[in-house]
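Asker: Right, I'll just put the structure down here and ask away after.
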Amino acid sequence: MTGAPDIAALRAKLAGGDGPRFWRSLDAVADSPEFRAYLAAEFPSASRLAAAPERRGFLKLMAASFALGGLTACGGGGGRDYEVPYVNQPERIVPGTDLSYASSAVFDGFGNGILVTTRNGRPLKIEGNPEHPWSRGGTDVLAQASVLGLYDPFRSQAVQHLGRPSSWAAFRADLQGRMPGWRESRGEGLALLTGPVTSPGVAAQLAWLRAAYPALRWYVGAGAGRDGIYEGARQAYGRPLETRPDFGRARTIVALDGDFLDLGPGQVGLSRRWSEARRAAYAEGRLLTLHAAAPTPTLTSAKADRGLVVPAGRLEALARDLLIWPRAARSPGATIPSRAGRGAPGRPSPRPGEAASSPPA
């Protein structure tokens, strides 16, 4: 750019300064008119900074650098260049303070009462609602983690049609256009997919819909199938019902491959009622024993006072033996069958009158 530099002159210039100098090239050290012309042509805004600034100028330059660095965090993020206060202040919302409200976390039709803590409209934490009649302040891991779903980037933001975003207006227009054909065919070809429905209002609307379209097909999808429970209730009571055990009226609890303490629908309320019944029985001077039999270890069998590992094919025989046991125990000279648990590893169930000594959970 300026020809071959004079090394001796450069050394003399560096040695004659009153302090250390920092440079990037020999041309910068030489500080020739040709180098200044090149700097002014390529970097006009930086040419005036080529000369070493005095102390005051250096402090000004550093202060400006820090200020500009802080400005990079202001504005422009996500299209939010500025923020304005509420035009109409919402009721009971104070900026920067927490606000809790009651809600419900539904798991396969079971609603567990929760308290949601928000700040400036953003949900932050979920706890159990002690005033809810079912959960009574309890909660589970799914309810605790449900707040993360509100911030899921893949959460549906609008109505979808054939995999593409649509609108409610387009959905209503398409629905109203198809309804005359459904009336003529009595709902032939119409299918409805829902989760487990326990809401009386939703159940009434579904009943009206099925009455208007008799050929409608209604499908229910659930994370944990409960068909076996409903079939057992139908055989016992004549119709499918949701079973609600009353642990407070029991003297002994037997769970046959029923893990009511583990994660699942109704687990929050059932575990709370079991714990309360155990404490109440202990206060009366007795133990509400829990016996569990299952093919694989479960949380209920781990908490049970007596656990028995029984193959799935022998559970029915064990249930029949348990039904015979009270009558056989009262009959003189009768023998108590033990077909179901023969050869099954694990601890045997206690005999009638056997005392247990483990404290309540």
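In the structure tokens, chains take the letters A, B, ... in the order shown, each chain's residues start at 1, and ligands count up from 1 in the order shown.
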Find the spatial neighbours of Gly121 in chain A, counting only C-alpha atoms, within a cut-off of 9 Å - ignore same-chain residues fewer than 2 positions away - and output them as a PyMOL selection string.

Answerer: chain A and resi 93+99+118-119+123

Asker: Using only C-alpha atoms, which of the listed residues (A:Pro200, A:Arg136, A:Gly225, A:Leu190) sits closest to Ala212 in chain A?

Answerer: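 Once distances to Ala212 in chain A are computed over only C-alpha atoms, the minimum belongs to A:Leu190.
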
Asker: So which residues touch Gly258 in chain A within 9 Å, counting only C-alpha atoms, skipping near sequence neighbours fewer than 2 positions away, as a ChimeraX atom specification?

Answerer: /A:254-256,260-261,292-294,298,300

Asker: So which one's closest to Glu242 in chain A, A:Arg278, A:Arg226, A:Arg155, A:His132? Using only C-alpha atoms, please.

Answerer: A:Arg226
